[in-house]
file data.txt (compact mmCIF, C-alpha atoms)
# COMPACT_ATOMS: atom_id res chain seq x y z
CA MET A 1 -44.40 -142.48 120.70
CA SER A 2 -42.42 -139.27 120.50
CA ASP A 3 -44.53 -137.08 118.30
CA VAL A 4 -46.20 -134.98 120.94
CA HIS A 5 -44.52 -131.63 120.86
CA PRO A 6 -44.53 -129.01 123.54
CA VAL A 7 -45.76 -125.70 122.20
CA SER A 8 -43.68 -122.79 123.29
CA ASN A 9 -45.25 -119.87 125.05
CA HIS A 10 -45.01 -117.32 122.31
CA LEU A 11 -47.13 -119.49 120.06
CA LYS A 12 -49.73 -120.04 122.74
CA ALA A 13 -49.91 -116.41 123.69
CA GLY A 14 -49.98 -114.98 120.19
CA GLU A 15 -48.12 -112.00 118.86
CA GLN A 16 -47.59 -110.17 122.13
CA GLN A 17 -44.73 -112.33 123.30
CA ASP A 18 -42.98 -112.85 120.01
CA HIS A 19 -39.84 -111.04 121.14
CA GLU A 20 -38.49 -114.13 122.86
CA HIS A 21 -37.80 -115.81 119.52
CA PRO A 22 -35.17 -114.63 117.04
CA ARG A 23 -37.82 -114.12 114.42
CA HIS A 24 -35.64 -112.34 111.90
CA GLU A 25 -34.07 -115.77 111.39
CA LEU A 26 -37.35 -117.33 110.29
CA SER A 27 -37.46 -118.75 106.78
CA TYR A 28 -39.39 -117.22 103.91
CA HIS A 29 -42.30 -119.63 104.36
CA ALA A 30 -42.35 -119.38 108.15
CA LYS A 31 -42.72 -115.62 107.89
CA ARG A 32 -45.61 -116.07 105.47
CA VAL A 33 -47.40 -118.35 107.95
CA TYR A 34 -47.20 -115.68 110.66
CA ALA A 35 -48.38 -113.08 108.13
CA ILE A 36 -51.31 -115.27 107.07
CA ARG A 37 -52.30 -115.76 110.69
CA GLU A 38 -52.19 -112.04 111.40
CA LEU A 39 -54.26 -111.17 108.32
CA LEU A 40 -56.87 -113.86 109.02
CA LEU A 41 -57.21 -112.56 112.59
CA GLU A 42 -57.47 -108.94 111.38
CA LYS A 43 -60.16 -109.86 108.89
CA GLY A 44 -62.07 -111.88 111.45
CA VAL A 45 -61.87 -115.06 109.35
CA LEU A 46 -60.69 -116.90 112.45
CA THR A 47 -59.72 -116.09 116.02
CA GLN A 48 -56.69 -116.82 118.17
CA GLU A 49 -58.97 -119.07 120.24
CA ASP A 50 -59.85 -121.09 117.13
CA ILE A 51 -56.16 -121.60 116.43
CA GLN A 52 -55.26 -122.42 120.02
CA ARG A 53 -58.14 -124.87 120.32
CA GLN A 54 -56.92 -126.63 117.20
CA ILE A 55 -53.33 -126.79 118.49
CA ASP A 56 -54.55 -128.21 121.81
CA TYR A 57 -56.76 -130.69 119.99
CA GLN A 58 -53.90 -131.90 117.83
CA GLU A 59 -51.42 -132.06 120.72
CA ALA A 60 -53.88 -134.27 122.58
CA ARG A 61 -53.92 -136.72 119.66
CA SER A 62 -51.08 -139.16 119.98
CA PRO A 63 -50.35 -142.83 119.37
CA ALA A 64 -51.50 -143.39 122.97
CA ASN A 65 -55.04 -143.35 121.55
CA GLY A 66 -54.26 -146.13 119.12
CA ALA A 67 -52.40 -148.08 121.81
CA ARG A 68 -55.51 -148.05 124.01
CA LEU A 69 -57.59 -149.45 121.16
CA VAL A 70 -55.08 -152.15 120.31
CA ALA A 71 -54.32 -153.28 123.87
CA ARG A 72 -58.02 -153.58 124.67
CA ALA A 73 -58.59 -155.50 121.45
CA TRP A 74 -55.84 -157.94 122.50
CA VAL A 75 -57.51 -158.76 125.81
CA GLU A 76 -61.20 -158.49 124.85
CA PRO A 77 -62.21 -160.52 121.79
CA ASP A 78 -65.64 -158.86 121.73
CA PHE A 79 -64.07 -155.41 121.62
CA LYS A 80 -61.72 -156.56 118.86
CA ALA A 81 -64.71 -157.73 116.84
CA ARG A 82 -66.41 -154.36 117.35
CA LEU A 83 -63.21 -152.46 116.51
CA ILE A 84 -62.91 -154.28 113.20
CA ALA A 85 -66.63 -154.17 112.37
CA ASP A 86 -67.13 -150.49 113.17
CA PRO A 87 -63.89 -148.71 114.10
CA LYS A 88 -65.44 -145.29 114.62
CA ALA A 89 -68.05 -146.65 117.03
CA ALA A 90 -65.34 -148.53 118.94
CA CYS A 91 -63.36 -145.28 119.18
CA ALA A 92 -66.40 -143.46 120.53
CA GLU A 93 -66.80 -146.20 123.12
CA MET A 94 -63.24 -145.43 124.29
CA GLY A 95 -63.81 -141.67 124.30
CA ILE A 96 -61.70 -141.16 121.18
CA ASP A 97 -63.23 -138.74 118.70
CA ALA A 98 -62.77 -140.18 115.21
CA THR A 99 -65.72 -138.38 113.66
CA SER A 100 -63.49 -136.26 111.42
CA LEU A 101 -62.48 -139.37 109.48
CA ASN A 102 -64.70 -140.35 106.56
CA GLU A 103 -63.95 -144.05 106.28
CA PHE A 104 -61.77 -145.62 108.93
CA VAL A 105 -60.60 -149.20 108.53
CA VAL A 106 -58.76 -151.43 111.02
CA LEU A 107 -56.50 -154.06 109.46
CA GLU A 108 -55.70 -157.06 111.64
CA ASN A 109 -52.29 -158.67 111.29
CA THR A 110 -52.28 -162.46 111.58
CA GLU A 111 -49.71 -165.26 111.39
CA LYS A 112 -50.22 -165.32 107.65
CA VAL A 113 -50.94 -161.72 106.67
CA ARG A 114 -49.13 -158.47 107.46
CA TYR A 115 -50.47 -155.04 106.58
CA LEU A 116 -48.56 -151.88 105.75
CA VAL A 117 -50.13 -148.42 105.38
CA VAL A 118 -48.87 -145.65 103.11
CA CYS A 119 -50.24 -142.55 101.41
CA THR A 120 -48.50 -142.54 98.03
CA LEU A 121 -50.06 -139.23 96.96
CA CYS A 122 -49.26 -137.21 100.07
CA SER A 123 -49.73 -137.85 103.78
CA CYS A 124 -53.26 -139.07 104.66
CA TYR A 125 -53.08 -140.68 108.10
CA PRO A 126 -55.50 -141.46 110.95
CA ARG A 127 -54.61 -138.27 112.82
CA PRO A 128 -57.33 -138.54 115.50
CA ILE A 129 -55.88 -141.93 116.47
CA LEU A 130 -52.13 -141.47 115.94
CA GLY A 131 -51.50 -137.72 115.91
CA ARG A 132 -49.52 -136.11 113.12
CA PRO A 133 -47.67 -138.44 110.74
CA PRO A 134 -43.90 -138.90 111.17
CA ASP A 135 -41.51 -137.34 108.68
CA TRP A 136 -40.60 -140.63 107.07
CA TYR A 137 -44.26 -141.43 106.34
CA LYS A 138 -44.46 -138.20 104.31
CA SER A 139 -41.13 -138.75 102.52
CA LEU A 140 -41.01 -139.30 98.76
CA ASN A 141 -38.90 -142.44 99.22
CA TYR A 142 -41.42 -144.12 101.53
CA ARG A 143 -44.32 -143.08 99.31
CA SER A 144 -42.55 -144.46 96.23
CA ARG A 145 -41.24 -147.70 97.67
CA ALA A 146 -43.90 -148.93 100.11
CA VAL A 147 -46.12 -150.19 97.29
CA ILE A 148 -43.45 -151.95 95.23
CA ASP A 149 -41.01 -153.11 97.89
CA PRO A 150 -42.87 -153.39 101.19
CA ARG A 151 -40.67 -156.25 102.39
CA GLY A 152 -37.53 -154.27 101.67
CA VAL A 153 -38.95 -151.23 103.44
CA MET A 154 -39.90 -153.30 106.49
CA ARG A 155 -36.44 -154.85 106.55
CA GLU A 156 -34.97 -151.35 106.42
CA PHE A 157 -37.00 -150.49 109.54
CA GLY A 158 -35.47 -153.44 111.32
CA GLN A 159 -37.79 -156.40 110.77
CA GLY A 160 -37.96 -158.70 107.80
CA VAL A 161 -41.13 -160.65 107.01
CA ALA A 162 -40.96 -164.41 106.41
CA ASP A 163 -41.50 -165.48 102.80
CA ASP A 164 -44.63 -167.45 103.66
CA VAL A 165 -46.32 -164.40 105.20
CA GLU A 166 -48.36 -162.36 102.75
CA VAL A 167 -47.81 -158.58 102.84
CA ARG A 168 -50.75 -156.35 101.89
CA VAL A 169 -50.18 -152.64 101.38
CA HIS A 170 -53.05 -150.17 101.79
CA ASP A 171 -52.80 -146.78 100.11
CA SER A 172 -54.66 -144.14 102.13
CA THR A 173 -56.77 -141.39 100.62
CA ALA A 174 -58.48 -138.25 101.85
CA ASP A 175 -61.59 -140.37 102.38
CA MET A 176 -60.08 -143.62 103.68
CA ARG A 177 -57.70 -143.96 106.64
CA TYR A 178 -56.21 -147.13 108.08
CA LEU A 179 -54.94 -148.43 111.40
CA VAL A 180 -53.01 -151.68 111.67
CA LEU A 181 -53.90 -153.93 114.58
CA PRO A 182 -50.55 -155.58 115.28
CA GLN A 183 -50.33 -159.11 116.66
CA ARG A 184 -50.12 -159.51 120.40
CA PRO A 185 -46.53 -160.39 121.26
CA ALA A 186 -45.84 -163.84 122.68
CA GLY A 187 -45.34 -164.14 126.41
CA THR A 188 -47.67 -161.28 127.34
CA GLU A 189 -50.47 -163.41 128.78
CA GLY A 190 -50.03 -162.13 132.31
CA MET A 191 -49.78 -158.47 131.42
CA SER A 192 -52.40 -155.84 132.25
CA VAL A 193 -54.00 -153.65 129.59
CA LYS A 194 -51.92 -150.70 130.80
CA GLU A 195 -48.72 -152.70 130.46
CA LEU A 196 -49.76 -153.96 127.05
CA GLU A 197 -50.41 -150.40 125.84
CA LYS A 198 -46.71 -149.67 126.28
CA LEU A 199 -45.87 -152.35 123.73
CA VAL A 200 -48.06 -150.78 121.05
CA THR A 201 -45.86 -148.33 119.19
CA ARG A 202 -46.94 -145.84 116.58
CA ASP A 203 -44.87 -147.63 113.95
CA SER A 204 -46.53 -150.95 114.76
CA MET A 205 -49.91 -149.35 114.02
CA ILE A 206 -48.63 -148.09 110.65
CA GLY A 207 -47.57 -151.69 110.15
CA ILE A 208 -43.91 -151.17 109.45
CA VAL A 209 -42.79 -153.17 112.52
CA ASP A 210 -44.35 -155.51 115.09
CA ALA A 211 -45.46 -154.43 118.54
CA LEU A 212 -42.60 -154.47 121.06
CA PRO A 213 -41.67 -157.81 122.59
CA ALA A 214 -42.73 -158.60 126.16
CA VAL A 215 -39.16 -158.38 127.42
CA PRO A 216 -37.16 -155.64 125.74
CA SER A 217 -33.96 -157.03 124.32
CA LEU A 218 -30.86 -155.47 125.81
CA MET B 1 -52.57 -139.69 80.86
CA PRO B 2 -49.06 -139.18 82.20
CA ARG B 3 -48.54 -139.36 85.93
CA ARG B 4 -48.37 -136.10 87.80
CA HIS B 5 -45.36 -135.34 89.94
CA HIS B 6 -46.98 -136.05 93.31
CA ASP B 7 -48.10 -139.50 92.17
CA VAL B 8 -44.92 -141.26 93.21
CA GLY B 9 -46.27 -144.67 94.30
CA GLY B 10 -44.18 -147.36 92.63
CA GLU B 11 -41.72 -144.93 91.10
CA SER B 12 -38.40 -146.71 90.64
CA GLY B 13 -35.04 -145.47 91.80
CA ALA B 14 -36.06 -144.19 95.24
CA GLY B 15 -33.33 -144.67 97.82
CA PRO B 16 -33.27 -145.47 101.54
CA ILE B 17 -35.89 -143.84 103.75
CA ASP B 18 -34.62 -141.18 106.13
CA GLN B 19 -36.02 -142.25 109.51
CA THR B 20 -34.90 -139.12 111.33
CA GLU B 21 -37.82 -137.29 112.93
CA HIS B 22 -37.60 -133.57 113.54
CA GLN B 23 -39.33 -131.72 116.32
CA LEU B 24 -41.91 -129.49 114.66
CA SER B 25 -41.11 -125.78 114.74
CA ASP B 26 -43.70 -123.35 116.04
CA TRP B 27 -44.40 -122.07 112.53
CA GLU B 28 -45.09 -125.63 111.37
CA ILE B 29 -47.49 -126.25 114.25
CA LEU B 30 -49.15 -122.95 113.38
CA ALA B 31 -49.39 -123.80 109.67
CA ASP B 32 -50.94 -127.14 110.61
CA ALA B 33 -53.44 -125.50 112.96
CA ILE B 34 -54.50 -122.67 110.64
CA ASN B 35 -55.00 -125.14 107.84
CA GLN B 36 -57.16 -127.37 110.05
CA VAL B 37 -59.22 -124.45 111.35
CA LEU B 38 -59.88 -123.35 107.76
CA GLY B 39 -61.17 -126.88 107.21
CA VAL B 40 -63.35 -126.90 110.31
CA LYS B 41 -64.85 -123.56 109.21
CA GLY B 42 -65.64 -124.94 105.78
CA ILE B 43 -63.31 -122.53 104.01
CA ARG B 44 -61.20 -125.25 102.42
CA ARG B 45 -61.44 -128.97 101.86
CA THR B 46 -58.71 -131.63 101.90
CA ASP B 47 -59.21 -132.19 98.18
CA GLU B 48 -58.71 -128.50 97.46
CA SER B 49 -55.49 -128.44 99.45
CA ARG B 50 -54.26 -131.51 97.61
CA ARG B 51 -55.12 -129.96 94.26
CA ALA B 52 -53.25 -126.79 95.20
CA ARG B 53 -50.18 -128.83 96.16
CA GLU B 54 -50.43 -131.07 93.12
CA ASP B 55 -50.70 -128.10 90.73
CA MET B 56 -47.37 -126.84 92.00
CA ASP B 57 -44.44 -126.91 89.64
CA LYS B 58 -42.57 -130.22 90.04
CA GLU B 59 -39.25 -128.62 90.93
CA LEU B 60 -40.90 -126.43 93.54
CA TYR B 61 -42.90 -129.35 95.01
CA ARG B 62 -39.80 -131.47 95.39
CA SER B 63 -37.69 -128.68 96.82
CA LEU B 64 -40.11 -127.68 99.58
CA SER B 65 -40.45 -129.27 103.00
CA TYR B 66 -43.83 -130.70 103.98
CA TYR B 67 -45.20 -127.66 105.81
CA GLU B 68 -43.70 -125.33 103.23
CA ARG B 69 -45.95 -127.09 100.71
CA TRP B 70 -48.87 -126.64 103.08
CA THR B 71 -48.07 -122.94 103.35
CA VAL B 72 -47.94 -122.47 99.58
CA SER B 73 -51.21 -124.36 99.08
CA MET B 74 -52.91 -122.43 101.88
CA GLU B 75 -51.87 -119.15 100.28
CA THR B 76 -53.09 -120.34 96.87
CA ILE B 77 -56.50 -121.29 98.22
CA LEU B 78 -56.94 -118.13 100.30
CA ALA B 79 -56.03 -116.03 97.25
CA GLU B 80 -58.36 -117.98 94.95
CA LYS B 81 -61.19 -117.48 97.39
CA LYS B 82 -60.35 -113.77 97.61
CA ILE B 83 -59.85 -113.97 101.36
CA LEU B 84 -56.25 -112.73 101.18
CA THR B 85 -54.02 -111.53 98.38
CA THR B 86 -50.35 -112.31 97.84
CA GLU B 87 -49.65 -108.57 98.02
CA GLU B 88 -51.27 -108.32 101.46
CA ILE B 89 -49.11 -111.18 102.71
CA ASP B 90 -46.00 -109.58 101.18
CA ARG B 91 -46.82 -106.30 102.92
CA LYS B 92 -47.43 -108.02 106.26
CA VAL B 93 -44.13 -109.90 105.99
CA ALA B 94 -42.33 -106.60 105.26
CA GLU B 95 -44.01 -105.06 108.32
CA PHE B 96 -42.89 -107.98 110.50
CA GLU B 97 -39.35 -107.81 109.17
CA LYS B 98 -39.18 -104.17 110.07
CA LYS B 99 -40.55 -104.86 113.54
CA TRP B 100 -38.39 -107.89 114.20
CA GLY B 101 -35.22 -106.21 112.96
CA GLU B 102 -32.39 -107.64 110.94
CA PRO B 103 -29.74 -109.94 112.37
call {"tool": "encode", "arguments": {"input": "data.txt", "output": "structure tokens"}}
result
Amino acid sequence: MSDVHPVSNHLKAGEQQDHEHPRHELSYHAKRVYAIRELLLEKGVLTQEDIQRQIDYQEARSPANGARLVARAWVEPDFKARLIADPKAACAEMGIDATSLNEFVVLENTEKVRYLVVCTLCSCYPRPILGRPPDWYKSLNYRSRAVIDPRGVMREFGQGVADDVEVRVHDSTADMRYLVLPQRPAGTEGMSVKELEKLVTRDSMIGIVDALPAVPSL
Amino acid sequence: MPRRHHDVGGESGAGPIDQTEHQLSDWEILADAINQVLGVKGIRRTDESRRAREDMDKELYRSLSYYERWTVSMETILAEKKILTTEEIDRKVAEFEKKWGEP
């Protein structure tokens, strides 16, 4: 749940306050990004407000959105049915804007089937629901291995999958994004939706691990 | 048709996955935002960005970080659409370097 990043002031305020950062140390590509921004502003292609609005929008997108969907699905069977039947409508119902996604599919883990999501070609990810993808999701090794060795990859992330559980890997595309609905952990019957949300990690919604257990192991 | 270099799904020989997550730098957040705004404004599409990244030389693609690839593809698309030229970006970078000073 740690991929919400504070944005430092000089970025928010634009060029005027850039002196607080040692910018001569920026890399070749970083300098080009600042140059591209400046030129696009000068030419009126976009405005600083456009950029800031987009940064704010993206910062507001975090796995907390997905956790709300999952925790509610755990406690309300009708909502779960709606979430699986029409994920974008269920998001709208929760005030989560998923309209930028073309196709959005929710994959429900069961006792017998586990899902894992990857984008072998690049980094497609349900950004409105989970924020920006983590580094490992975009890595060449994950992209290569998830489709041929999902069990090995899951073991590497700390949890093996029993032999009698089927593992299905979904490869995302520009037009098709996936969210895994992890299984509700045992022993959580008495927990409130808010408490349950805390068990729903980003990685559990990518499918690489389970949701957190009811009592964290020490 | 041979696989292109970005099409790595199922490629053998890949090692352990680095699970370290880095805090995004401001320039990366900015690259992300500009790219998205260009999408919202209908100036570029996800498929175009992918094509620009996938057309990159294999060695370059593999040597760049994620947002470095985004930056290169953004520049490619903006140049193709005659919104910016590489020379303009070079000049602007030189201007910045002068303003920011050397270490």
call {"tool": "interface_residues", "arguments": {"input": "data.txt", "of": "chain A", "to": "chain B", "cutoff": "7 Å", "atoms": "all atoms listed in the file", "output": "list in words"}}
result
His5, Val7, Leu11, Arg23, His24, His29, Ala30, Lys31, Arg32, Val33, Ala35, Ile36, Asp50, Ile51, Gln54, Ile55, Thr120, Leu121, Pro134, Asp135, Trp136, Asn141, Tyr142, Arg143, Ser144, Arg145, Val147, Ile148 and Ala174 of chain A
call {"tool": "closest_residue", "arguments": {"input": "data.txt", "among": "A:Tyr28, A:Ala85, A:Val45, A:Gln52", "to": "Lys82 of chain B", "atoms": "all atoms listed in the file"}}
result
A:Val45
call {"tool": "closest_residue", "arguments": {"input": "data.txt", "among": "A:Pro87, A:Pro128, A:Gly158, A:Pro77", "to": "Asp203 of chain A", "atoms": "all atoms listed in the file"}}
result
A:Gly158
call {"tool": "atom_distance", "arguments": {"input": "data.txt", "atom1": "atom CA of Lys198 of chain A", "atom2": "atom CA of Ala71 of chain A"}}
result
8.8 Å
call {"tool": "closest_residue", "arguments": {"input": "data.txt", "among": "A:Arg37, A:Arg155, A:Ala98, A:Ile208", "to": "Arg114 of chain A", "atoms": "only C-alpha atoms"}}
result
A:Ile208
call {"tool": "residues_around", "arguments": {"input": "data.txt", "residues": "Val70 of chain A", "least_positions_apart": "4", "cutoff": "9 Å", "atoms": "all atoms listed in the file", "output": "PDB file with C-alpha atoms, in the coordinates of the input"}}
result
ATOM      1  CA  ASN A  65     -55.040-143.350 121.550  1.00  0.00           C
ATOM      2  CA  GLY A  66     -54.260-146.130 119.120  1.00  0.00           C
ATOM      3  CA  TRP A  74     -55.840-157.940 122.500  1.00  0.00           C
ATOM      4  CA  VAL A  75     -57.510-158.760 125.810  1.00  0.00           C
ATOM      5  CA  LYS A  80     -61.720-156.560 118.860  1.00  0.00           C
ATOM      6  CA  LEU A  83     -63.210-152.460 116.510  1.00  0.00           C
ATOM      7  CA  VAL A 180     -53.010-151.680 111.670  1.00  0.00           C
ATOM      8  CA  LEU A 181     -53.900-153.930 114.580  1.00  0.00           C
ATOM      9  CA  PRO A 182     -50.550-155.580 115.280  1.00  0.00           C
ATOM     10  CA  ARG A 184     -50.120-159.510 120.400  1.00  0.00           C
ATOM     11  CA  LEU A 196     -49.760-153.960 127.050  1.00  0.00           C
ATOM     12  CA  GLU A 197     -50.410-150.400 125.840  1.00  0.00           C
ATOM     13  CA  VAL A 200     -48.060-150.780 121.050  1.00  0.00           C
ATOM     14  CA  MET A 205     -49.910-149.350 114.020  1.00  0.00           C
TER      15      MET A 205
END
call {"tool": "atom_distance", "arguments": {"input": "data.txt", "atom1": "atom CA of Tyr178 of chain A", "atom2": "atom CA of Arg44 of chain B"}}
result
23.1 Å
call {"tool": "axis_aligned_box", "arguments": {"input": "data.txt", "around": "segment 109-117 of chain A", "padding_each_side": "5 Å", "output": "AutoDock Vina command-line options"}}
result
--center_x -50.4 --center_y -156.9 --center_z 108.5 --size_x 13.7 --size_y 26.9 --size_z 16.2
call {"tool": "residues_around", "arguments": {"input": "data.txt", "residues": "segment 109-113 of chain A", "least_positions_apart": "6", "cutoff": "9 Å", "atoms": "all atoms listed in the file", "output": "list in words"}}
result
Asp164, Val165, Glu166, Val167, Arg168, Val180, Leu181, Pro182, Gln183 and Gly207 of chain A
call {"tool": "closest_residue", "arguments": {"input": "data.txt", "among": "A:Met154, A:Val169, A:Leu199, A:Val161", "to": "Leu116 of chain A", "atoms": "only C-alpha atoms"}}
result
A:Val169
call {"tool": "atom_distance", "arguments": {"input": "data.txt", "atom1": "atom CA of Ser100 of chain A", "atom2": "atom CA of Asp78 of chain A"}}
result
24.9 Å
